[in-house]
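Reproduced below: structure-v9.txt, with compact mmCIF, C-alpha atoms.
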# COMPACT_ATOMS: atom_id res chain seq x y z
CA MET A 227 98.59 112.26 124.45
CA SER A 228 101.60 111.21 122.47
CA LEU A 229 102.16 110.27 118.88
CA SER A 230 102.04 106.53 118.18
CA GLU A 231 104.24 105.40 115.30
CA ARG A 232 103.59 101.97 113.82
CA THR A 233 104.60 99.91 110.82
CA HIS A 234 102.04 98.03 108.77
CA THR A 235 102.25 95.84 105.68
CA VAL A 236 99.01 95.45 103.78
CA HIS A 237 98.07 91.82 103.11
CA GLY A 238 94.72 92.15 101.33
CA SER A 239 94.55 91.50 97.61
CA THR A 240 91.16 93.00 96.72
CA ARG A 241 89.69 96.44 97.23
CA ALA A 242 87.27 95.10 99.81
CA ASP A 243 89.92 93.14 101.72
CA ILE A 244 92.37 96.05 101.78
CA ARG A 245 89.67 98.47 102.89
CA LYS A 246 88.59 96.13 105.67
CA GLU A 247 92.20 95.59 106.79
CA ILE A 248 92.98 99.30 107.04
CA VAL A 249 89.68 100.17 108.74
CA ASN A 250 90.32 97.39 111.27
CA LEU A 251 93.82 98.77 111.83
CA PHE A 252 92.32 102.17 112.63
CA LEU A 253 89.72 100.59 114.91
CA GLN A 254 92.59 99.45 117.16
CA GLU A 255 93.53 103.08 117.91
CA GLU A 256 92.95 104.40 121.39
CA PRO A 257 90.27 107.09 121.56
CA GLY A 258 91.27 110.63 122.41
CA THR A 259 89.81 112.68 125.23
CA GLY A 260 89.61 116.02 123.46
CA THR A 261 91.41 118.30 121.02
CA GLY A 262 95.03 119.39 120.84
CA GLU A 263 97.17 117.43 123.29
CA ASN A 264 94.15 115.31 124.21
CA CYS A 265 93.84 113.97 120.66
CA THR A 266 95.41 110.62 119.85
CA LYS A 267 97.75 110.76 116.87
CA TYR A 268 98.94 107.88 114.74
CA TRP A 269 101.53 107.55 112.00
CA TYR A 270 101.69 104.29 110.05
CA LYS A 271 104.75 103.50 107.93
CA VAL A 272 103.26 101.37 105.15
CA GLU A 273 105.92 101.41 102.40
CA THR A 274 109.64 102.08 102.09
CA LEU A 275 111.79 102.79 99.07
CA ASN A 276 115.43 103.63 99.69
CA GLU A 277 115.42 106.84 101.76
CA TYR A 278 111.68 107.40 101.26
CA SER A 279 108.71 106.11 103.25
CA ILE A 280 104.97 106.30 102.79
CA ILE A 281 103.45 107.40 106.09
CA LEU A 282 99.71 107.48 106.78
CA LYS A 283 98.89 110.21 109.30
CA ARG A 284 95.76 110.34 111.45
CA PRO A 285 93.75 112.32 112.32
CA VAL A 286 93.55 114.90 109.58
CA PRO A 287 92.34 118.46 110.05
CA LEU A 288 88.79 119.23 108.95
CA ASN A 289 87.92 115.63 108.12
CA LYS A 290 86.17 113.07 110.24
CA GLY A 291 86.06 109.32 110.59
CA PHE A 292 88.62 107.10 108.95
CA ASP A 293 90.28 109.75 106.80
CA PHE A 294 94.07 109.98 106.67
CA THR A 295 96.76 111.72 104.68
CA VAL A 296 99.28 109.88 102.54
CA ASN A 297 102.69 111.42 103.15
CA VAL A 298 106.02 110.84 101.42
CA ASP A 299 108.74 111.05 104.03
CA GLY A 300 111.91 112.24 102.31
CA LEU A 301 110.18 114.40 99.69
CA PHE A 302 108.49 117.76 99.68
CA PHE A 303 105.85 119.00 97.28
CA LYS A 304 105.06 122.65 96.91
CA ASN A 305 102.29 124.85 95.68
CA LYS A 306 102.40 127.88 97.97
CA ARG A 307 104.03 126.08 100.89
CA ARG A 308 106.04 122.89 101.35
CA TYR A 309 104.13 119.75 102.27
CA THR A 310 104.72 115.99 102.25
CA HIS A 311 101.28 114.75 101.19
CA PRO A 312 100.98 114.79 97.41
CA SER A 313 97.81 116.13 95.86
CA HIS A 314 96.23 114.63 92.78
CA SER A 315 97.84 117.48 90.83
CA ASP A 316 101.27 116.54 92.21
CA ILE A 317 100.74 112.93 91.10
CA PHE A 318 99.58 114.11 87.68
CA ALA A 319 102.59 116.43 87.29
CA ALA A 320 105.10 113.71 88.22
CA LEU A 321 103.56 111.16 85.87
CA ASN A 322 103.25 113.70 83.08
CA TYR A 323 106.92 114.65 83.51
CA VAL A 324 107.96 111.02 82.99
CA ARG A 325 105.65 110.63 79.99
CA GLU A 326 106.97 113.79 78.35
CA ASN A 327 110.62 112.91 78.98
CA ASN A 328 110.47 109.18 78.25
CA SER A 329 107.40 108.50 76.14
CA ALA A 330 108.73 105.13 74.93
CA GLY A 331 109.28 103.88 78.48
CA TYR A 332 106.09 105.33 79.92
CA ALA A 333 104.17 102.20 78.92
CA GLN A 334 105.90 100.43 81.83
CA ILE A 335 104.65 103.10 84.23
CA ARG A 336 101.12 102.83 82.83
CA THR A 337 101.21 99.03 83.22
CA ALA A 338 102.34 99.39 86.84
CA LEU A 339 99.60 101.98 87.52
CA THR A 340 96.96 99.69 86.04
CA LYS A 341 98.12 96.81 88.22
CA ILE A 342 98.14 99.05 91.31
CA TYR A 343 94.62 100.21 90.47
CA GLU A 344 93.52 96.57 90.11
CA CYS A 345 95.20 95.62 93.46
CA GLN A 346 97.65 93.36 91.64
CA PRO A 347 101.38 93.09 92.30
CA TYR A 348 103.68 94.69 89.75
CA ASP A 349 107.34 94.19 88.93
CA ARG A 350 109.18 96.99 90.72
CA ASN A 351 112.31 96.24 88.70
CA SER A 352 110.48 97.12 85.47
CA ILE A 353 110.18 100.76 86.49
CA THR A 354 113.64 101.56 87.81
CA GLY A 355 115.44 104.38 86.08
CA PHE A 356 112.39 106.62 85.73
CA SER A 357 112.41 109.85 87.70
CA PHE A 358 110.56 113.11 88.12
CA LEU A 359 111.56 116.54 89.38
CA ASP A 360 110.35 118.12 92.59
CA TYR A 361 109.66 121.84 92.92
CA GLN A 362 113.41 122.49 93.42
CA GLU A 363 114.21 120.42 90.32
CA ASN A 364 115.75 117.55 92.30
CA GLN A 365 115.25 114.11 90.79
CA HIS A 366 113.29 111.42 92.63
CA PRO A 367 112.34 107.90 91.53
CA ILE A 368 108.86 107.71 90.03
CA GLU A 369 108.25 104.55 92.05
CA ILE A 370 107.65 106.64 95.17
CA ILE A 371 104.81 108.35 93.28
CA LEU A 372 103.41 104.92 92.34
CA LEU A 373 103.50 103.86 96.00
CA ALA A 374 101.81 107.11 97.05
CA THR A 375 99.17 106.56 94.34
CA LYS A 376 98.49 103.07 95.71
CA TRP A 377 97.72 104.56 99.11
CA LEU A 378 95.68 107.41 97.66
CA PHE A 379 93.55 104.74 95.95
CA ILE A 380 93.11 103.03 99.32
CA GLU A 381 92.27 106.33 101.04
CA GLN A 382 89.58 107.01 98.44
CA ASP A 383 88.20 103.48 98.76
CA ILE A 384 87.73 104.04 102.48
CA THR A 385 86.40 107.59 102.26
CA TYR A 386 84.19 107.15 99.19
CA TRP A 387 83.39 103.43 99.29
CA ASN A 388 79.69 103.85 98.57
CA TRP A 389 80.44 106.10 95.62
CA SER A 390 83.29 105.60 93.18
CA GLY A 391 86.23 105.10 95.58
CA ARG A 392 89.52 104.75 93.74
CA ASN A 393 87.86 105.49 90.38
CA MET A 394 87.96 109.23 91.10
CA LEU A 395 91.78 109.29 91.10
CA TRP A 396 92.04 106.63 88.39
CA ASN A 397 89.89 108.69 86.02
CA PHE A 398 92.21 111.62 86.70
CA ILE A 399 95.44 109.76 85.80
CA LYS A 400 94.57 106.80 83.55
CA ASP A 401 94.95 108.68 80.29
CA ILE A 402 98.25 110.36 81.05
Have the structure of the file written as structure tokens, please.
Amino acid sequence: MSLSERTHTVHGSTRADIRKEIVNLFLQEEPGTGTGENCTKYWYKVETLNEYSIILKRPVPLNKGFDFTVNVDGLFFKNKRRYTHPSHSDIFAALNYVRENNSAGYAQIRTALTKIYECQPYDRNSITGFSFLDYQENQHPIEIILLATKWLFIEQDITYWNWSGRNMLWNFIKDI
């Protein structure tokens, strides 16, 4: 079976509405008939920022159900190998870099993160000019990390709804 690439703009404004919207989006997927080439694959472009895109990829290895990876097209992260889906540690490192290199301006990033966590819109123009370094020390706008964080919150809300959902990641980054 082939890869299906789609674009989606989230319309929900609460955790519950966003969760329901994304789960319903996934429920529209065609079922696969097996593994490998018989597995249906979906990529959803959900955000764009200049040359970057946030792509949700399904299915994910070793996980079941509605799980997906949040990928940043146009940026690689690296621990031992290159990858496009930032880990919580990658998010932490990028945010920490901005805080350490622009502590006076970091309050704007924190405000944006709080609004993202609360499912509220934030002023994208208030956070332009902030950047972080990738593993090759190339600069990238911190806003792509904020957009990835938004989708990591949503992923955790779907995967861990009956537990803490987005609070797991929020507790990891809120005090940076």
Taking into account only C-alpha atoms, which residue in the set A:Phe358, A:Phe302, A:Tyr309, A:Phe294 is nearest to Arg325 of chain A?
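Looking only at the distances to Arg325 of chain A, the closest residue turns out to be A:Phe358.
For the atom pair formed by atom CA of Lys271 of chain A and atom CA of Thr233 of chain A, the distance is 4.6 Å, given to one decimal.
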With all atoms listed in the file as the basis for distance, which of A:Thr261, A:Thr240, A:Thr375, A:Ser230 is at the shortest distance from Cys345 of chain A?
A:Thr240
Tell me which protein, DNA and RNA residues are within 6 Å of Tyr268 of chain A, counting all atoms listed in the file, leaving out same-chain ones fewer than 6 positions away, and put them as a list in words.
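With the cut-off at 6 Å, the set is Leu229, Ser230, Glu231, Lys283 and Arg284 of chain A.
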Please, what distance in Å, to one decimal, runs between atom CA of Asp401 of chain A and atom CA of Gln365 of chain A?
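Distance reported for this atom pair: 23.5 Å.
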Given all atoms listed in the file, how would the per-residue table for segment 265-381 of chain A near segment 242-249 of chain A read, listing every residue at most 9 Å away with its closest atom pair and distance in Å to one decimal, sorted by chain and number, as a tab-separated table?
residue	atom	partner	partner_atom	distance
A:Phe292	CA	A:Val249	CA	7.0
A:Cys345	CA	A:Ile244	CA	8.8
A:Ile380	CA	A:Arg245	CA	6.7
A:Glu381	CA	A:Arg245	CA	8.5
Write the selection just made, keeping C-alpha atoms, as an mmCIF file, keeping the file's coordinate frame?
data_model
loop_
_atom_site.group_PDB
_atom_site.id
_atom_site.type_symbol
_atom_site.label_atom_id
_atom_site.label_comp_id
_atom_site.auth_asym_id
_atom_site.auth_seq_id
_atom_site.Cartn_x
_atom_site.Cartn_y
_atom_site.Cartn_z
ATOM 1 C CA PHE A 292 88.620 107.100 108.950
ATOM 2 C CA CYS A 345 95.200 95.620 93.460
ATOM 3 C CA ILE A 380 93.110 103.030 99.320
ATOM 4 C CA GLU A 381 92.270 106.330 101.040
#
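Each of A:Tyr348, A:Phe398, A:Tyr278, A:Trp387 was checked against Leu321 of chain A using only C-alpha atoms; the smallest atom-to-atom distance is that of A:Phe398.
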Which is closest to Ser239 of chain A among A:Tyr343, A:Trp389, A:Tyr332, A:Phe303, if we use only C-alpha atoms?
A:Tyr343
Could you tell me how far atom CA of Gly238 of chain A sits from atom CA of Leu253 of chain A, in Å to one decimal place?
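Computed distance, atom CA of Leu253 of chain A to atom CA of Gly238 of chain A, equals 16.8 Å.
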